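Engineer: My questions will all concern the structure given below.
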Amino acid sequence: MQKLNMLATGENLSDIKAAAENLAAQGVTTKAAALAEAAAKHGAASWTELKSRGWSLDEDGDIGAAAACEVPGSNVKIQAYSALIDLDDEYIDLDETWSVNVSLSTRYTPYLYVSFVSAYEGSNFDLSPEQKAAFEKAIETGSKADAIVAQAALIEDVMWWFEKYWLDATTKDICNLQRLELGIKDEDLFWRRPDIDEDEQCIAVYDAGDGEMLVCIEGSNLIEEEKAPYGYITYKEYNDVPDTPDDYAKMEEAFLVAAGIQAPFAGSRSHMDQPW
C-alpha cells in the first residue's frame, strides 16, 4: 500500500520522488538534480525541505508534518499536528462557522497542535469556496488521501492569519522559540539567579554571539499582551549591571531595563514580586 505522505496541494511525495528517479534512470540527469528540480517546482529550496512539508497520518489518527507551518509571529517552521477530522460525523456542516485553537509546546521537540472545535470555542472563521470544495471531495470519495489534503491545506491557511498572541503559549515557550531561531543552546546560558528552581519564574541571560546577549523572561504565565518577553543587550550593557548577590531582583530589573523589555504586568514593585 502506498504511504499517504501528501502535500497540501494534493500531490503524493512518493509519486514526485518516483517521477524524479525515473527521469534519472533514463540518463537525462542525476537523481540528486532531478529531486532538486522537483522540489523547486513545488516552491521548496531542496528535496529535504519539500519532504518536511509532507503531511501523513500517524497511528493515533493525527495528521502531521515536520515543518509545514511557521509559528505565528516567528520565522521558525516546526512540526504541526492535528486530529484528522471525522468527515462521517453527522454534525459536520461545511456552511456553518468553524473555530480553531492552536497550542504550542516547546518542552522537548517544539510543535504546534491545531484543534478544530465548536464555533466560538476558539478563533472563528468560515471555509472559503476552495476549502469547502476540498472537504466536499473528501466526503464524496471517502478517501483518506483527500481528507488529509483538505485538512492540511486548511491548517496551512489558518497559520497565515492566526495571531501569535492567540496561542496557548507561555513566556518560556516564546523565549524558547527565539532561542531556536537563533541557535542558542542551553549551554549558552550566561546568568540566572541561583536562589530559585529552574521551573520558577525568572530572568535568564544567554550569549547570542556577535557581541549580543538575549535576555528572557522565562515563566509559565500565558502570553496575553503584545509584549515580547525577550530583548537584547550588548556585552558592555551586561557588564554595566551591578553585581548585587544580596538583591538578585535588582539585577533582574536592571537586565529588563537594559533590554527594553516591558514586563506584562503593572505596579511599582519588582516583577519577581508580582503574581503571574
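Chain identifiers are assigned as A, B, and so on, following the order in which chains appear in the C-alpha cells; residues are numbered from 1 within each chain, and ligands are numbered from 1 in order of appearance.
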I'd like the contact shell of Leu189 (chain A) - 12 Å cut-off, only C-alpha atoms, skipping same-chain residues fewer than 3 positions apart - returned as number ranges by chain.

Structural biologist: A: 179, 184-186, 192-193, 203-209, 213-216

Engineer: Could you save those same residues with N, CA, C and O atoms as a short mmCIF file (atom, residue, chain, number, x, y, z; two decimals), in the first residue's frame?

Structural biologist:
```
data_model
loop_
_atom_site.label_atom_id
_atom_site.label_comp_id
_atom_site.auth_asym_id
_atom_site.auth_seq_id
_atom_site.Cartn_x
_atom_site.Cartn_y
_atom_site.Cartn_z
N ARG A 179 15.17 31.38 20.93
CA ARG A 179 16.47 30.70 21.04
C ARG A 179 16.65 29.71 19.88
O ARG A 179 17.74 29.60 19.31
N ILE A 184 20.52 29.28 19.84
CA ILE A 184 21.06 29.42 21.20
C ILE A 184 20.72 28.18 22.01
O ILE A 184 19.54 27.84 22.17
N LYS A 185 21.72 27.52 22.54
CA LYS A 185 21.54 26.26 23.27
C LYS A 185 21.55 26.49 24.78
O LYS A 185 21.88 27.58 25.26
N ASP A 186 21.19 25.43 25.53
CA ASP A 186 21.17 25.53 26.99
C ASP A 186 22.53 25.92 27.55
O ASP A 186 22.62 26.68 28.52
N ARG A 192 21.53 33.37 35.44
CA ARG A 192 20.19 33.19 36.00
C ARG A 192 20.37 33.20 37.51
O ARG A 192 21.32 32.62 38.01
N ARG A 193 19.48 33.85 38.21
CA ARG A 193 19.67 33.93 39.66
C ARG A 193 19.73 32.52 40.25
O ARG A 193 18.92 31.65 39.91
N ILE A 203 14.47 35.62 35.27
CA ILE A 203 15.12 36.25 34.13
C ILE A 203 16.34 35.41 33.78
O ILE A 203 17.12 35.04 34.66
N ALA A 204 16.51 35.11 32.49
CA ALA A 204 17.68 34.35 32.03
C ALA A 204 18.40 35.16 30.96
O ALA A 204 17.76 35.82 30.13
N VAL A 205 19.72 35.12 31.01
CA VAL A 205 20.55 35.84 30.04
C VAL A 205 21.41 34.83 29.30
O VAL A 205 22.15 34.06 29.93
N TYR A 206 21.31 34.82 27.96
CA TYR A 206 22.07 33.87 27.13
C TYR A 206 23.04 34.62 26.23
O TYR A 206 22.74 35.74 25.77
N ASP A 207 24.17 34.00 25.95
CA ASP A 207 25.11 34.53 24.98
C ASP A 207 24.55 34.27 23.58
O ASP A 207 24.36 33.12 23.19
N ALA A 208 24.27 35.34 22.83
CA ALA A 208 23.70 35.20 21.49
C ALA A 208 24.76 35.34 20.41
O ALA A 208 24.45 35.22 19.22
N GLY A 209 26.01 35.57 20.78
CA GLY A 209 27.09 35.72 19.81
C GLY A 209 27.14 37.10 19.20
O GLY A 209 26.21 37.91 19.35
N MET A 213 23.66 39.63 23.78
CA MET A 213 23.13 38.68 24.74
C MET A 213 21.60 38.75 24.69
O MET A 213 21.02 39.83 24.48
N LEU A 214 20.95 37.61 24.83
CA LEU A 214 19.50 37.52 24.82
C LEU A 214 19.00 37.47 26.26
O LEU A 214 19.42 36.62 27.04
N VAL A 215 18.12 38.41 26.60
CA VAL A 215 17.51 38.46 27.93
C VAL A 215 16.08 37.97 27.82
O VAL A 215 15.30 38.47 27.01
N CYS A 216 15.71 36.97 28.61
CA CYS A 216 14.39 36.36 28.52
C CYS A 216 13.67 36.37 29.87
O CYS A 216 14.29 36.14 30.90
#
```

Engineer: Using DSSP on the backbone coordinates, identify the residues of region 39-242 of chain A assigned to strand (DSSP E or B); present them as a PyMOL selection string.

Structural biologist: chain A and resi 55-57+62-70+77-83+98-105+111-117+123-125+168+170+189-192+202-209+212-218+222+230-234

Engineer: Between CA of Gly27 (chain A) and CA of Ala39 (chain A), what is the spacing in Å?

Structural biologist: 19.3 Å

Engineer: When you draw a straight line from CA of Ala8 (chain A) to CA of Arg53 (chain A), how long is it in Å?

Structural biologist: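 Calculated distance between CA of Ala8 (chain A) and CA of Arg53 (chain A) is 8.3 Å.
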
Engineer: Ranking A:Leu256, A:Leu182, A:Leu7, A:Ala36 by minimum distance to Glu21 (chain A) and counting only C-alpha atoms, which one comes first?

Structural biologist: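 Answer, going by the shortest atom-to-atom distance: A:Ala36.
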
Engineer: Which residue out of A:Asp240, A:Asp168, A:Glu49, A:Asp247 has the minimum interatomic distance to Ser105 (chain A) when only C-alpha atoms are used?

Structural biologist: A:Asp168

Engineer: I need the residues of region 81-188 of chain A that end up classed as helix (DSSP H, G or I) by DSSP on the backbone, written out as a ChimeraX atom specification.

Structural biologist: /A:129-141,144-161,164-166,171-182,186-188

Engineer: Quick one: write out the picked residues with N, CA and C atoms as a tab-separated table (two decimals), in the first residue's frame?

Structural biologist:
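And here's part-v5.tsv as it stands now:
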```tsv
chain	number	residue	atom	x	y	z
A	129	PRO	N	-14.54	29.08	-0.50
A	129	PRO	CA	-15.09	28.16	-1.50
A	129	PRO	C	-14.12	27.02	-1.84
A	130	GLU	N	-12.81	27.34	-1.91
A	130	GLU	CA	-11.82	26.32	-2.23
A	130	GLU	C	-11.70	25.29	-1.10
A	131	GLN	N	-11.70	25.76	0.14
A	131	GLN	CA	-11.61	24.85	1.29
A	131	GLN	C	-12.86	23.96	1.36
A	132	LYS	N	-14.00	24.57	1.15
A	132	LYS	CA	-15.26	23.80	1.18
A	132	LYS	C	-15.26	22.73	0.09
A	133	ALA	N	-14.79	23.09	-1.10
A	133	ALA	CA	-14.76	22.13	-2.22
A	133	ALA	C	-13.84	20.96	-1.91
A	134	ALA	N	-12.72	21.23	-1.24
A	134	ALA	CA	-11.77	20.15	-0.90
A	134	ALA	C	-12.40	19.17	0.09
A	135	PHE	N	-13.13	19.68	1.07
A	135	PHE	CA	-13.79	18.79	2.03
A	135	PHE	C	-14.95	18.05	1.38
A	136	GLU	N	-15.67	18.71	0.50
A	136	GLU	CA	-16.77	18.03	-0.21
A	136	GLU	C	-16.23	16.86	-1.03
A	137	LYS	N	-15.08	17.07	-1.66
A	137	LYS	CA	-14.47	15.99	-2.44
A	137	LYS	C	-14.09	14.82	-1.53
A	138	ALA	N	-13.49	15.14	-0.36
A	138	ALA	CA	-13.08	14.09	0.58
A	138	ALA	C	-14.28	13.32	1.09
A	139	ILE	N	-15.39	14.00	1.35
A	139	ILE	CA	-16.62	13.34	1.83
A	139	ILE	C	-17.18	12.44	0.74
A	140	GLU	N	-17.16	12.94	-0.50
A	140	GLU	CA	-17.73	12.19	-1.63
A	140	GLU	C	-16.91	10.93	-1.92
A	141	THR	N	-15.58	11.04	-1.91
A	141	THR	CA	-14.73	9.91	-2.28
A	141	THR	C	-14.47	8.97	-1.11
A	144	LYS	N	-8.87	8.69	2.33
A	144	LYS	CA	-8.03	9.26	3.38
A	144	LYS	C	-7.07	10.30	2.80
A	145	ALA	N	-6.57	10.03	1.60
A	145	ALA	CA	-5.66	10.98	0.97
A	145	ALA	C	-6.35	12.31	0.74
A	146	ASP	N	-7.59	12.28	0.24
A	146	ASP	CA	-8.33	13.52	0.01
A	146	ASP	C	-8.62	14.23	1.33
A	147	ALA	N	-8.90	13.46	2.38
A	147	ALA	CA	-9.19	14.06	3.69
A	147	ALA	C	-7.94	14.74	4.25
A	148	ILE	N	-6.77	14.07	4.09
A	148	ILE	CA	-5.51	14.65	4.56
A	148	ILE	C	-5.22	15.94	3.81
A	149	VAL	N	-5.38	15.93	2.50
A	149	VAL	CA	-5.11	17.11	1.69
A	149	VAL	C	-6.01	18.27	2.08
A	150	ALA	N	-7.31	18.00	2.25
A	150	ALA	CA	-8.26	19.06	2.61
A	150	ALA	C	-7.89	19.69	3.95
A	151	GLN	N	-7.58	18.84	4.94
A	151	GLN	CA	-7.28	19.37	6.27
A	151	GLN	C	-5.90	20.02	6.32
A	152	ALA	N	-4.93	19.45	5.62
A	152	ALA	CA	-3.58	20.03	5.59
A	152	ALA	C	-3.62	21.43	4.98
A	153	ALA	N	-4.34	21.58	3.88
A	153	ALA	CA	-4.45	22.89	3.23
A	153	ALA	C	-5.13	23.88	4.16
A	154	LEU	N	-6.15	23.42	4.90
A	154	LEU	CA	-6.85	24.28	5.83
A	154	LEU	C	-5.92	24.74	6.95
A	155	ILE	N	-5.14	23.81	7.49
A	155	ILE	CA	-4.20	24.15	8.57
A	155	ILE	C	-3.18	25.17	8.09
A	156	GLU	N	-2.60	24.94	6.91
A	156	GLU	CA	-1.61	25.88	6.39
A	156	GLU	C	-2.23	27.26	6.15
A	157	ASP	N	-3.49	27.29	5.72
A	157	ASP	CA	-4.17	28.58	5.54
A	157	ASP	C	-4.42	29.25	6.89
A	158	VAL	N	-4.84	28.47	7.88
A	158	VAL	CA	-5.11	29.02	9.21
A	158	VAL	C	-3.87	29.69	9.78
A	159	MET	N	-2.71	29.05	9.59
A	159	MET	CA	-1.50	29.59	10.19
A	159	MET	C	-1.06	30.89	9.55
A	160	TRP	N	-1.65	31.24	8.42
A	160	TRP	CA	-1.34	32.54	7.80
A	160	TRP	C	-1.97	33.68	8.58
A	161	TRP	N	-3.15	33.44	9.17
A	161	TRP	CA	-3.83	34.55	9.85
A	161	TRP	C	-3.91	34.39	11.36
A	164	LYS	N	-0.07	35.44	16.89
A	164	LYS	CA	0.86	34.93	17.90
A	164	LYS	C	0.25	34.98	19.30
A	165	TYR	N	-0.47	36.05	19.60
A	165	TYR	CA	-0.97	36.23	20.96
A	165	TYR	C	-2.30	35.52	21.20
A	166	TRP	N	-2.76	34.75	20.21
A	166	TRP	CA	-3.89	33.85	20.44
A	166	TRP	C	-3.41	32.47	20.85
A	171	THR	N	5.52	32.55	28.39
A	171	THR	CA	6.68	33.38	28.09
A	171	THR	C	7.90	32.50	27.82
A	172	LYS	N	8.00	31.37	28.52
A	172	LYS	CA	9.14	30.47	28.29
A	172	LYS	C	9.06	29.85	26.90
A	173	ASP	N	7.84	29.50	26.44
A	173	ASP	CA	7.69	28.97	25.09
A	173	ASP	C	8.19	29.97	24.05
A	174	ILE	N	7.78	31.22	24.19
A	174	ILE	CA	8.16	32.25	23.22
A	174	ILE	C	9.68	32.46	23.24
A	175	CYS	N	10.26	32.45	24.44
A	175	CYS	CA	11.72	32.60	24.53
A	175	CYS	C	12.43	31.39	23.93
A	176	ASN	N	11.89	30.20	24.14
A	176	ASN	CA	12.50	29.01	23.56
A	176	ASN	C	12.48	29.06	22.03
A	177	LEU	N	11.39	29.59	21.47
A	177	LEU	CA	11.32	29.73	20.02
A	177	LEU	C	12.36	30.73	19.51
A	178	GLN	N	12.53	31.81	20.26
A	178	GLN	CA	13.53	32.79	19.86
A	178	GLN	C	14.93	32.19	19.92
A	179	ARG	N	15.17	31.38	20.93
A	179	ARG	CA	16.47	30.70	21.04
A	179	ARG	C	16.65	29.71	19.88
A	180	LEU	N	15.56	29.00	19.53
A	180	LEU	CA	15.63	28.04	18.43
A	180	LEU	C	15.97	28.74	17.13
A	181	GLU	N	15.35	29.89	16.89
A	181	GLU	CA	15.60	30.64	15.66
A	181	GLU	C	17.05	31.11	15.57
A	182	LEU	N	17.63	31.45	16.73
A	182	LEU	CA	18.99	31.99	16.76
A	182	LEU	C	20.06	30.92	16.99
A	186	ASP	N	21.19	25.43	25.53
A	186	ASP	CA	21.17	25.53	26.99
A	186	ASP	C	22.53	25.92	27.55
A	187	GLU	N	23.58	25.42	26.92
A	187	GLU	CA	24.92	25.71	27.42
A	187	GLU	C	25.34	27.16	27.19
A	188	ASP	N	24.53	27.92	26.41
A	188	ASP	CA	24.83	29.33	26.20
A	188	ASP	C	24.27	30.21	27.32
```

Engineer: Please measure the separation of CA of Ala259 (chain A) and CA of Pro110 (chain A), giving the value in Å to one decimal.

Structural biologist: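 CA of Ala259 (chain A) sits 25.6 Å away from CA of Pro110 (chain A).
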
Engineer: Would you please work out which residue, of A:Asn239, A:Thr97, A:Thr244, A:Ser46, is nearest to Ser128 (chain A) when using only C-alpha atoms?

Structural biologist: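 Closest candidate: A:Thr97.
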
Engineer: Find the residues around Asp62 (chain A) up to 12 Å (only C-alpha atoms counted), leave out those fewer than 3 positions away in its own chain, and share them as an mmCIF file with C-alpha atoms, in the first residue's frame.

Structural biologist:
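Result saved to result-v6.cif:
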```cif
data_model
loop_
_atom_site.group_PDB
_atom_site.id
_atom_site.type_symbol
_atom_site.label_atom_id
_atom_site.label_comp_id
_atom_site.auth_asym_id
_atom_site.auth_seq_id
_atom_site.Cartn_x
_atom_site.Cartn_y
_atom_site.Cartn_z
ATOM 1 C CA TRP A 55 1.513 15.543 5.702
ATOM 2 C CA SER A 56 0.976 11.951 6.812
ATOM 3 C CA LEU A 57 -1.340 10.055 9.137
ATOM 4 C CA ASP A 58 0.077 8.514 12.325
ATOM 5 C CA GLU A 59 -1.153 5.603 14.440
ATOM 6 C CA ALA A 65 4.127 17.457 9.045
ATOM 7 C CA ALA A 80 2.443 20.561 13.361
ATOM 8 C CA TYR A 81 -0.220 18.016 14.295
ATOM 9 C CA SER A 82 -3.987 17.852 14.154
ATOM 10 C CA ALA A 83 -6.531 15.104 14.786
ATOM 11 C CA LEU A 84 -7.952 14.026 11.435
ATOM 12 C CA ILE A 85 -11.493 15.391 11.230
ATOM 13 C CA ASP A 86 -14.179 12.702 11.126
ATOM 14 C CA TYR A 113 -1.238 21.284 17.811
ATOM 15 C CA VAL A 114 -4.176 22.530 15.750
ATOM 16 C CA SER A 115 -7.667 21.705 17.049
ATOM 17 C CA LYS A 144 -8.030 9.259 3.377
ATOM 18 C CA ALA A 147 -9.187 14.056 3.693
ATOM 19 C CA ILE A 148 -5.508 14.647 4.561
ATOM 20 C CA GLN A 151 -7.279 19.368 6.271
ATOM 21 C CA ALA A 152 -3.583 20.033 5.595
#
```
